[in-house]
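Structure below is coords-v1.txt: compact mmCIF, C-alpha atoms.
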# COMPACT_ATOMS: atom_id res chain seq x y z
CA MET A 1 29.31 -5.33 33.48
CA ALA A 2 27.37 -4.21 36.57
CA THR A 3 23.92 -2.69 36.13
CA PRO A 4 23.66 0.82 37.64
CA GLY A 5 21.34 1.10 40.62
CA PRO A 6 18.17 3.21 40.72
CA LEU A 7 19.95 6.11 42.45
CA ARG A 8 22.64 6.24 39.77
CA ARG A 9 20.03 6.00 37.01
CA ALA A 10 18.07 8.88 38.56
CA PHE A 11 21.26 10.95 38.78
CA ASP A 12 22.12 10.24 35.15
CA TRP A 13 18.60 11.17 34.04
CA ALA A 14 18.71 14.43 36.02
CA ALA A 15 22.12 15.28 34.56
CA ALA A 16 20.88 14.61 31.03
CA HIS A 17 17.82 16.84 31.58
CA ALA A 18 19.43 19.63 33.56
CA PRO A 19 19.14 23.25 32.32
CA TRP A 20 22.79 23.19 31.25
CA SER A 21 22.54 19.85 29.38
CA ALA A 22 22.53 19.32 25.61
CA TRP A 23 18.87 18.32 25.88
CA ALA A 24 17.91 21.76 27.19
CA TRP A 25 19.99 23.67 24.64
CA ARG A 26 18.68 21.55 21.77
CA ASN A 27 15.04 22.24 22.69
CA THR A 28 15.83 25.91 23.21
CA THR A 29 17.54 26.19 19.85
CA PHE A 30 14.59 24.44 18.23
CA ALA A 31 12.13 26.89 19.79
CA VAL A 32 14.20 29.93 18.79
CA ALA A 33 14.67 28.63 15.23
CA GLY A 34 10.89 28.56 14.80
CA ILE A 35 10.58 32.32 15.31
CA PRO A 36 11.90 33.50 11.89
CA LEU A 37 10.03 30.72 10.09
CA ALA A 38 6.74 32.06 11.46
CA LEU A 39 7.35 35.64 10.34
CA PRO A 40 5.85 35.27 6.80
CA ALA A 41 2.64 33.76 8.16
CA ALA A 42 2.47 36.22 11.05
CA GLY A 43 3.02 39.11 8.64
CA SER A 44 0.27 37.83 6.36
CA VAL A 45 -2.19 37.48 9.25
CA THR A 46 -1.34 40.99 10.49
CA TYR A 47 -1.71 42.36 6.98
CA MET A 48 -5.12 40.70 6.62
CA VAL A 49 -6.26 42.26 9.92
CA LEU A 50 -5.01 45.76 9.04
CA ALA A 51 -6.00 45.62 5.36
CA PRO A 52 -8.96 43.25 4.92
CA GLY A 53 -9.33 44.22 1.28
CA HIS A 54 -5.98 42.60 0.47
CA THR A 55 -6.75 39.28 2.16
CA PRO A 56 -6.57 37.18 -1.08
CA GLY A 57 -3.12 38.55 -1.85
CA ALA A 58 -1.87 37.82 1.65
CA LEU A 59 -3.23 34.28 1.52
CA LEU A 60 -1.70 33.74 -1.91
CA SER A 61 1.71 34.90 -0.67
CA VAL A 62 1.73 32.29 2.09
CA LEU A 63 0.44 29.66 -0.34
CA VAL A 64 3.31 30.37 -2.72
CA LEU A 65 5.85 30.28 0.11
CA SER A 66 4.29 27.19 1.71
CA PRO A 67 6.54 24.59 -0.02
CA LEU A 68 9.69 26.50 0.99
CA LEU A 69 8.47 27.01 4.55
CA THR A 70 7.54 23.33 4.78
CA ALA A 71 11.00 22.27 3.63
CA LEU A 72 12.63 24.58 6.20
CA GLN A 73 10.38 23.30 8.98
CA ARG A 74 11.17 19.69 8.09
CA SER A 75 14.90 20.53 8.18
CA ARG A 76 14.44 22.14 11.60
CA PHE A 77 12.69 19.08 13.00
CA TRP A 78 15.27 16.68 11.58
CA SER A 79 18.45 18.58 12.45
CA LEU A 80 17.46 19.64 15.98
CA LEU A 81 15.07 16.94 17.20
CA GLY A 82 15.89 14.01 14.92
CA LEU A 83 12.20 13.88 13.92
CA ASP A 84 11.68 12.85 10.32
CA VAL A 85 8.56 14.47 8.87
CA PRO A 86 8.08 12.65 5.53
CA GLY A 87 7.51 14.71 2.45
CA ILE A 88 4.56 14.45 0.09
CA ALA A 89 5.05 12.44 -3.10
CA TRP A 90 3.46 14.60 -5.77
CA ARG A 91 2.61 12.95 -9.07
CA SER A 92 3.91 15.97 -10.99
CA ARG A 93 7.24 17.23 -9.66
CA ARG A 94 7.86 19.84 -12.34
CA LEU A 95 6.58 23.40 -12.04
CA SER A 96 3.62 23.40 -14.40
CA TRP A 97 -0.06 24.22 -14.46
CA ARG A 98 -0.88 20.57 -13.90
CA GLY A 99 1.37 20.43 -10.86
CA LEU A 100 -0.08 23.69 -9.50
CA VAL A 101 -3.65 22.44 -9.94
CA GLU A 102 -2.73 19.16 -8.25
CA ARG A 103 -1.31 21.01 -5.26
CA LEU A 104 -4.27 23.37 -5.00
CA ARG A 105 -6.71 20.46 -5.03
CA SER A 106 -4.70 18.40 -2.55
CA GLU A 107 -5.77 18.20 1.07
CA SER A 108 -2.09 18.05 2.07
CA THR A 109 -1.49 21.56 0.68
CA TRP A 110 -4.21 23.06 2.85
CA ARG A 111 -3.06 21.14 5.91
CA GLN A 112 0.42 22.62 5.41
CA TYR A 113 -1.21 25.99 4.91
CA GLY A 114 -3.04 25.60 8.22
CA TYR A 115 0.20 24.69 9.99
CA HIS A 116 2.01 27.80 8.72
CA LEU A 117 -0.91 30.11 9.53
CA LEU A 118 -1.86 28.69 12.94
CA VAL A 119 0.70 26.35 14.48
CA ALA A 120 3.89 28.09 13.37
CA PRO A 121 2.94 31.45 14.99
CA LEU A 122 2.03 29.63 18.21
CA ALA A 123 5.36 27.79 18.11
CA ALA A 124 7.11 31.13 17.53
CA ALA A 125 5.27 32.60 20.53
CA ALA A 126 6.47 29.63 22.57
CA GLY A 127 10.00 30.37 21.32
CA VAL A 128 9.70 33.97 22.50
CA LEU A 129 8.52 32.76 25.91
CA VAL A 130 11.48 30.38 26.08
CA VAL A 131 13.90 33.22 25.33
CA CYS A 132 12.21 35.45 27.91
CA GLY A 133 12.32 32.64 30.45
CA TRP A 134 16.05 32.14 29.93
CA VAL A 135 16.82 35.87 30.09
CA ALA A 136 14.63 36.54 33.11
CA GLY A 137 15.90 33.45 34.89
CA CYS A 138 19.54 34.36 34.29
CA VAL A 139 18.99 37.96 35.47
CA CYS A 140 17.20 36.80 38.60
CA ALA A 141 19.90 34.22 39.27
CA PHE A 142 22.54 36.95 38.94
CA VAL A 143 20.64 39.22 41.35
CA LEU A 144 20.24 36.38 43.84
CA SER A 145 23.96 35.61 43.60
CA TRP A 146 24.77 39.30 44.17
CA LEU A 147 22.55 39.43 47.23
CA TRP A 148 24.07 36.23 48.53
CA ALA A 149 27.57 37.67 48.15
CA LEU A 150 26.85 40.76 50.28
CA PRO A 151 28.31 40.86 53.84
CA LEU A 152 25.97 39.84 56.61
CA ASN A 153 26.22 43.29 58.28
CA ALA A 154 25.61 45.20 55.03
CA ARG A 155 22.82 47.73 55.03
CA LEU A 156 20.21 46.67 52.46
CA PRO A 157 17.40 48.72 50.94
CA VAL A 158 13.85 48.15 52.10
CA TRP A 159 12.92 46.53 48.78
CA THR A 160 15.53 43.79 49.21
CA ASP A 161 12.94 41.25 50.41
CA ALA A 162 10.92 41.71 47.24
CA TYR A 163 14.08 41.30 45.15
CA VAL A 164 14.86 38.08 46.97
CA LEU A 165 11.39 36.71 46.28
CA PHE A 166 11.56 37.71 42.63
CA SER A 167 15.05 36.25 42.33
CA VAL A 168 13.98 32.92 43.81
CA GLY A 169 11.04 32.87 41.42
CA GLY A 170 13.40 33.65 38.55
CA VAL A 171 15.66 30.75 39.48
CA LEU A 172 12.64 28.45 39.51
CA LEU A 173 11.70 29.88 36.11
CA LEU A 174 15.23 29.12 34.92
CA LEU A 175 14.76 25.51 35.97
CA ALA A 176 11.29 25.26 34.38
CA THR A 177 12.12 26.90 31.04
CA PRO A 178 13.86 23.81 29.52
CA TRP A 179 10.85 21.69 30.40
CA PHE A 180 8.52 24.22 28.82
CA ALA A 181 10.72 24.23 25.70
CA ALA A 182 10.64 20.42 25.59
CA ALA A 183 6.84 20.35 25.94
CA ALA A 184 6.44 22.98 23.22
CA ALA A 185 8.79 21.03 20.93
CA ARG A 186 6.84 17.83 21.49
CA LEU A 187 3.50 19.50 20.73
CA ASP A 188 5.01 21.15 17.67
CA GLY A 189 6.32 17.78 16.53
CA HIS A 190 2.89 16.16 16.83
CA ALA A 191 1.30 19.02 14.89
CA ALA A 192 3.96 18.82 12.18
CA ALA A 193 3.57 15.06 11.82
CA ALA A 194 -0.19 15.50 11.41
CA LEU A 195 -0.18 18.56 9.13
CA LEU A 196 3.14 18.78 7.27
CA GLY A 197 3.45 15.12 6.35
CA PRO A 198 1.27 13.14 3.98
CA ASN A 199 -2.24 12.16 4.96
CA ARG A 200 -1.97 8.66 6.39
CA ALA A 201 -5.27 7.50 4.92
CA LYS A 202 -4.47 9.00 1.51
CA GLU A 203 -0.99 7.50 1.61
CA LEU A 204 -2.39 4.05 2.36
CA GLU A 205 -4.96 4.49 -0.41
CA ARG A 206 -2.22 5.44 -2.85
CA ARG A 207 -0.12 2.46 -1.79
CA VAL A 208 -3.08 0.15 -2.30
CA GLU A 209 -3.57 1.58 -5.80
CA THR A 210 0.13 1.12 -6.55
CA LEU A 211 0.09 -2.46 -5.29
CA ALA A 212 -3.06 -3.20 -7.30
CA GLU A 213 -1.43 -1.82 -10.45
CA SER A 214 1.73 -3.79 -9.73
CA ARG A 215 -0.22 -7.00 -9.17
CA ALA A 216 -2.20 -6.44 -12.36
CA GLY A 217 1.08 -6.01 -14.23
CA VAL A 218 2.45 -9.24 -12.75
CA LEU A 219 -0.72 -11.12 -13.68
CA ASP A 220 -0.64 -9.74 -17.22
CA ALA A 221 3.03 -10.67 -17.56
CA ALA A 222 2.37 -14.21 -16.28
CA ASP A 223 -0.58 -14.59 -18.64
CA ALA A 224 1.51 -13.34 -21.56
CA GLU A 225 4.26 -15.83 -20.64
CA ARG A 226 1.74 -18.68 -20.58
CA ARG A 227 0.53 -17.65 -24.02
CA ARG A 228 4.09 -17.58 -25.32
CA ILE A 229 4.79 -21.06 -23.96
CA GLU A 230 1.52 -22.30 -25.46
CA ARG A 231 2.47 -20.92 -28.88
CA ASP A 232 5.98 -22.35 -28.68
CA LEU A 233 4.69 -25.80 -27.76
CA HIS A 234 1.96 -25.69 -30.37
CA ASP A 235 4.18 -24.47 -33.19
CA GLY A 236 7.31 -26.38 -32.15
CA ALA A 237 7.20 -29.61 -30.17
CA GLN A 238 3.59 -30.45 -31.04
CA GLN A 239 4.14 -30.09 -34.78
CA ARG A 240 7.26 -32.24 -34.62
CA LEU A 241 5.36 -34.95 -32.75
CA VAL A 242 2.59 -34.81 -35.37
CA SER A 243 5.19 -35.16 -38.11
CA LEU A 244 6.79 -38.09 -36.27
CA ALA A 245 3.42 -39.84 -35.88
CA MET A 246 2.65 -39.32 -39.56
CA ASN A 247 6.04 -40.73 -40.58
CA LEU A 248 5.56 -43.76 -38.35
CA GLY A 249 2.09 -44.31 -39.77
CA LEU A 250 3.45 -44.00 -43.30
CA ALA A 251 6.22 -46.46 -42.50
CA ARG A 252 3.73 -48.94 -41.09
CA ALA A 253 1.57 -48.64 -44.23
CA THR A 254 4.37 -48.90 -46.81
CA LEU A 255 6.82 -51.32 -45.20
CA THR A 256 4.62 -54.39 -45.40
CA ASP A 257 7.44 -56.93 -45.78
CA LEU A 258 9.00 -56.27 -42.37
CA PRO A 259 9.30 -59.04 -39.80
CA PRO A 260 6.49 -59.14 -37.21
CA GLU A 261 8.89 -57.98 -34.48
CA ALA A 262 9.81 -54.83 -36.44
CA ARG A 263 6.16 -54.08 -37.24
CA ALA A 264 5.31 -54.44 -33.56
CA VAL A 265 8.02 -51.90 -32.68
CA ILE A 266 6.67 -49.45 -35.31
CA ASP A 267 3.11 -49.94 -34.05
CA GLU A 268 4.20 -49.29 -30.46
CA ALA A 269 6.14 -46.17 -31.47
CA HIS A 270 3.17 -44.89 -33.49
CA ARG A 271 0.80 -45.43 -30.56
CA GLU A 272 3.14 -43.71 -28.08
CA ALA A 273 3.58 -40.77 -30.47
CA LYS A 274 -0.19 -40.29 -30.65
CA GLU A 275 -0.46 -40.54 -26.86
CA ALA A 276 2.31 -37.96 -26.50
CA ILE A 277 0.42 -35.65 -28.88
CA GLU A 278 -2.74 -36.03 -26.81
CA GLU A 279 -0.87 -35.33 -23.56
CA LEU A 280 0.79 -32.31 -25.11
CA ASN A 281 -2.60 -31.09 -26.33
CA ASN A 282 -3.93 -31.32 -22.79
CA LEU A 283 -0.85 -29.52 -21.47
CA VAL A 284 -1.16 -26.72 -24.01
CA ARG A 285 -4.87 -26.41 -23.30
CA GLY A 286 -4.11 -26.19 -19.59
CA LEU A 287 -1.55 -23.43 -20.11
CA HIS A 288 -3.74 -21.20 -22.23
CA PRO A 289 -6.22 -22.36 -24.86
CA ALA A 290 -5.78 -20.61 -28.18
CA VAL A 291 -9.53 -20.64 -28.78
CA LEU A 292 -9.98 -18.37 -25.76
CA ASP A 293 -7.99 -15.62 -27.48
CA ASP A 294 -9.51 -16.21 -30.89
CA ARG A 295 -13.20 -16.68 -30.10
CA GLY A 296 -13.74 -15.85 -26.42
CA LEU A 297 -15.25 -17.58 -23.42
CA ASP A 298 -18.31 -18.99 -25.17
CA ALA A 299 -16.33 -21.09 -27.65
CA ALA A 300 -13.63 -22.05 -25.13
CA LEU A 301 -16.13 -23.22 -22.51
CA SER A 302 -18.15 -25.06 -25.14
CA GLY A 303 -15.08 -27.19 -25.76
CA ILE A 304 -14.75 -27.94 -22.05
CA ALA A 305 -18.42 -28.86 -21.79
CA ALA A 306 -18.17 -31.16 -24.80
CA ARG A 307 -15.20 -33.02 -23.28
CA ALA A 308 -16.79 -33.38 -19.83
CA PRO A 309 -17.73 -36.95 -18.77
CA LEU A 310 -21.26 -35.84 -17.77
CA PRO A 311 -23.89 -33.66 -19.47
CA VAL A 312 -23.16 -29.94 -19.00
CA GLU A 313 -25.72 -27.21 -19.69
CA LEU A 314 -23.76 -24.08 -20.65
CA THR A 315 -25.25 -20.56 -20.74
CA VAL A 316 -23.01 -17.61 -21.67
CA ASP A 317 -24.48 -14.09 -21.74
CA ILE A 318 -21.65 -11.59 -22.27
CA ASP A 319 -22.24 -8.49 -24.37
CA ARG A 320 -18.56 -7.51 -24.47
CA ARG A 321 -15.45 -9.39 -23.54
CA PRO A 322 -13.74 -8.75 -20.19
CA ALA A 323 -10.01 -8.19 -19.74
CA PRO A 324 -7.84 -11.09 -21.00
CA THR A 325 -6.57 -11.90 -17.50
CA VAL A 326 -10.11 -12.08 -16.09
CA GLU A 327 -11.22 -14.13 -19.08
CA ALA A 328 -8.43 -16.63 -18.45
CA VAL A 329 -9.30 -16.87 -14.75
CA ALA A 330 -12.96 -17.52 -15.59
CA TYR A 331 -11.98 -20.23 -18.07
CA PHE A 332 -9.73 -22.07 -15.62
CA VAL A 333 -12.24 -21.72 -12.76
CA VAL A 334 -14.93 -23.44 -14.85
CA SER A 335 -12.44 -26.05 -16.05
CA GLU A 336 -11.28 -26.91 -12.53
CA ALA A 337 -14.83 -26.84 -11.15
CA LEU A 338 -16.02 -29.31 -13.78
CA ALA A 339 -13.03 -31.53 -13.07
CA ASN A 340 -13.93 -31.52 -9.36
CA VAL A 341 -17.56 -32.36 -10.18
CA ALA A 342 -16.52 -35.30 -12.35
CA LYS A 343 -14.06 -36.57 -9.74
CA HIS A 344 -15.86 -36.10 -6.41
CA ALA A 345 -19.52 -35.07 -6.75
CA ARG A 346 -21.07 -38.31 -8.09
CA ALA A 347 -23.36 -36.07 -10.15
CA THR A 348 -25.36 -36.96 -13.26
CA ARG A 349 -25.64 -33.47 -14.70
CA CYS A 350 -24.11 -30.03 -14.27
CA SER A 351 -24.88 -26.48 -15.36
CA VAL A 352 -22.61 -23.50 -15.98
CA GLN A 353 -24.00 -19.96 -16.24
CA ILE A 354 -21.85 -16.94 -17.07
CA GLY A 355 -23.07 -13.37 -17.40
CA ARG A 356 -21.82 -9.84 -17.08
CA ARG A 357 -23.50 -7.54 -14.57
CA GLY A 358 -22.04 -4.06 -14.83
CA ASP A 359 -18.35 -4.26 -13.93
CA LEU A 360 -18.60 -7.83 -12.61
CA LEU A 361 -18.37 -11.13 -14.45
CA ARG A 362 -20.58 -13.57 -12.58
CA LEU A 363 -20.31 -17.31 -13.13
CA THR A 364 -22.20 -20.13 -11.43
CA VAL A 365 -21.35 -23.84 -11.53
CA SER A 366 -23.96 -26.18 -10.03
CA ASP A 367 -24.44 -29.95 -9.96
CA ASN A 368 -26.91 -32.48 -8.56
CA GLY A 369 -24.27 -34.51 -6.77
CA ALA A 370 -23.91 -35.66 -3.17
CA GLY A 371 -22.78 -32.26 -1.83
CA GLY A 372 -20.66 -31.84 1.27
CA ALA A 373 -17.85 -30.01 -0.53
CA ASP A 374 -15.52 -28.30 1.96
CA ALA A 375 -12.92 -25.79 0.81
CA ALA A 376 -10.81 -26.50 3.91
CA ALA A 377 -10.70 -30.24 3.29
CA GLY A 378 -9.33 -30.40 -0.24
CA THR A 379 -6.84 -28.62 -2.45
CA GLY A 380 -9.17 -28.27 -5.44
CA LEU A 381 -11.53 -25.71 -3.94
CA ARG A 382 -8.65 -23.92 -2.23
CA GLY A 383 -6.97 -23.64 -5.61
CA LEU A 384 -10.16 -22.14 -7.02
CA ALA A 385 -10.27 -19.59 -4.19
CA LYS A 386 -6.64 -18.60 -4.74
CA ARG A 387 -7.13 -18.23 -8.48
CA VAL A 388 -10.22 -16.06 -7.94
CA GLY A 389 -8.48 -14.00 -5.25
CA SER A 390 -5.57 -13.23 -7.57
CA VAL A 391 -7.82 -10.79 -9.45
CA ASP A 392 -9.74 -9.47 -6.40
CA GLY A 393 -12.69 -11.73 -7.09
CA THR A 394 -15.02 -13.42 -4.65
CA ILE A 395 -16.15 -17.04 -4.42
CA ARG A 396 -19.06 -18.56 -2.50
CA ILE A 397 -19.56 -22.31 -2.11
CA ASN A 398 -22.92 -23.69 -1.02
CA SER A 399 -22.74 -27.47 -0.70
CA PRO A 400 -25.03 -29.04 1.92
CA LEU A 401 -24.90 -32.78 2.51
CA GLY A 402 -27.07 -34.46 -0.08
CA GLY A 403 -26.55 -31.66 -2.58
CA PRO A 404 -26.85 -29.70 -4.67
CA THR A 405 -23.50 -27.91 -4.84
CA VAL A 406 -23.47 -24.34 -6.15
CA ILE A 407 -20.24 -22.40 -6.70
CA THR A 408 -20.72 -18.67 -7.39
CA VAL A 409 -17.78 -16.56 -8.52
CA GLU A 410 -17.69 -12.82 -9.21
CA LEU A 411 -14.72 -11.31 -11.03
CA PRO A 412 -14.03 -7.62 -11.73
CA CYS A 413 -14.08 -7.13 -15.49
CA GLY A 414 -11.88 -4.05 -15.65
CA LEU A 415 -8.64 -5.50 -14.24

Can I see the file as structure tokens?
Amino acid sequence: MATPGPLRRAFDWAAAHAPWSAWAWRNTTFAVAGIPLALPAAGSVTYMVLAPGHTPGALLSVLVLSPLLTALQRSRFWSLLGLDVPGIAWRSRRLSWRGLVERLRSESTWRQYGYHLLVAPLAAAAGVLVVCGWVAGCVCAFVLSWLWALPLNARLPVWTDAYVLFSVGGVLLLLATPWFAAAAARLDGHAAAALLGPNRAKELERRVETLAESRAGVLDAADAERRRIERDLHDGAQQRLVSLAMNLGLARATLTDLPPEARAVIDEAHREAKEAIEELNNLVRGLHPAVLDDRGLDAALSGIAARAPLPVELTVDIDRRPAPTVEAVAYFVVSEALANVAKHARATRCSVQIGRRGDLLRLTVSDNGAGGADAAAGTGLRGLAKRVGSVDGTIRINSPLGGPTVITVELPCGL
């Protein structure tokens, strides 16, 4: 398919934007449709000027009609210009005192109010000018056509030259009116998008709040699922393994007359059962330690410190417990940090300090190891950062070569 040349494209553009095109009539209809929608606001402003003592009543009338006028304006923009002015998502949709108070306190209500009192009358005035431009242009074009149709030898009045000038000016006005209507429609559209729609900053703030609530719900659901799995493993598979190990131990103690080969099999099975119990204990503890729910961070972290392969000095200063999700994140951060110290730091001692400062839970893990820890080089510290970031926390790692390494984490307590 051949691409049209520049001359053809210019002709098509001129035809699409000619005074008789759908573009011109659509903008004209849009301008004219704005006239009746501005009458309530114009009447209120006129009433306030003529009767200043009744200003509150006039303002209240426009305020009551504002939602209806806004809906009509949005329909006008969508049906005639294809411009979608989004509505405002009110928390309370029912007509109630709470909903009325919410609307009165909302910035969006007063922006809509300003549009109906200021912009809509100006748009209506532009609509009147568009109508006058069309009428005057058509009349002048008719007069010019009449003068053009007269015989060359016809006797013309002395004012004919002035009529010709006015008629030519009217034809130019006829050509300019669609462009004026288009410019007025564009300005009206920008004003409507800024005043009739929701506040962009407020909308983004509300979306951030919604996403934060949604993420908190997901984290709580995941934490609850981990607790359920921990309970199921502890009360189900772990108890059955303990029972199996006890039965094997009882069999080894009572069946003394078995051949050595059979006793060796029982001994091996008993040892593997105990190892499976220990592995399952570690798995359950990694999912969600029951002691964290029962006795809090102090007791749970004391268990971690006692199992660590190096001396750990633990200090916990929490006057009241944080949210369960934050508590779990703090527990696993300390657990993973101590595992990293034991595996990579070549340290001989470590300290863990946890305290609550206002709405923040602050924890510090430090060691006297070789230092040089880099979050970009290993997955352990990156995992810590991701876990902390899941609850909007912050993490700082100070680990110069030669040590010491200090990891500072701050978690919001109210998640």

Report summary line: Separating atom CA of Arg349 of chain A from atom CA of Gly383 of chain A, to the nearest tenth of an Å, is a gap of 23.0 Å

At a cut-off of 9 Å from (5.3, 32.5, 17.7) in the coordinates of the file, what residues are picked up using only C-alpha atoms, written as a PDB file with C-alpha atoms, keeping the file's coordinate frame?
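What landed in point_3.pdb:
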ATOM      1  CA  GLY A  34      10.890  28.560  14.800  1.00  0.00           C
ATOM      2  CA  ILE A  35      10.580  32.320  15.310  1.00  0.00           C
ATOM      3  CA  PRO A  36      11.900  33.500  11.890  1.00  0.00           C
ATOM      4  CA  ALA A  38       6.740  32.060  11.460  1.00  0.00           C
ATOM      5  CA  LEU A  39       7.350  35.640  10.340  1.00  0.00           C
ATOM      6  CA  ALA A  42       2.470  36.220  11.050  1.00  0.00           C
ATOM      7  CA  VAL A 119       0.700  26.350  14.480  1.00  0.00           C
ATOM      8  CA  ALA A 120       3.890  28.090  13.370  1.00  0.00           C
ATOM      9  CA  PRO A 121       2.940  31.450  14.990  1.00  0.00           C
ATOM     10  CA  LEU A 122       2.030  29.630  18.210  1.00  0.00           C
ATOM     11  CA  ALA A 123       5.360  27.790  18.110  1.00  0.00           C
ATOM     12  CA  ALA A 124       7.110  31.130  17.530  1.00  0.00           C
ATOM     13  CA  ALA A 125       5.270  32.600  20.530  1.00  0.00           C
ATOM     14  CA  ALA A 126       6.470  29.630  22.570  1.00  0.00           C
ATOM     15  CA  GLY A 127      10.000  30.370  21.320  1.00  0.00           C
ATOM     16  CA  VAL A 128       9.700  33.970  22.500  1.00  0.00           C
ATOM     17  CA  LEU A 129       8.520  32.760  25.910  1.00  0.00           C
TER      18      LEU A 129
END

Query - Shell around Val333 of chain A at 10 Å using all atoms listed in the file, local window under 4 positions removed, as number ranges by chain - result: A: 327-329, 337-339, 363, 365, 381, 383-385, 387-388, 409

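With distances restricted to only C-alpha atoms, A:Val341 is the closest residue to Pro311 of chain A from A:Leu65, A:Leu411, A:Leu297, A:Val341.
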
Requested in this report: For Gly189 of chain A, work out the shell of residues within 9 Å, counting only C-alpha atoms and skipping chain neighbours fewer than 5 positions away, then give it as a PyMOL selection string.
Outcome: chain A and resi 77+81+83+85+184+194

Query raised in the report: By how many Å are atom CA of Gly371 of chain A and atom CA of Asn340 of chain A apart?
Result: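 Atom CA of Gly371 of chain A sits 11.6 Å away from atom CA of Asn340 of chain A.
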
Report task. Could you check which of A:Pro324, A:Gly169, A:Pro178, A:Gly197 is closest to Pro67 of chain A, using all atoms listed in the file? Result ->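 Once distances to Pro67 of chain A are computed over all atoms listed in the file, the minimum belongs to A:Gly197.
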
Query raised in the report: Between atom CA of Thr177 of chain A and atom CA of Gly133 of chain A, what is the spacing in Å?
Result: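 Result for atom CA of Gly133 of chain A versus atom CA of Thr177 of chain A: 5.8 Å, one decimal.
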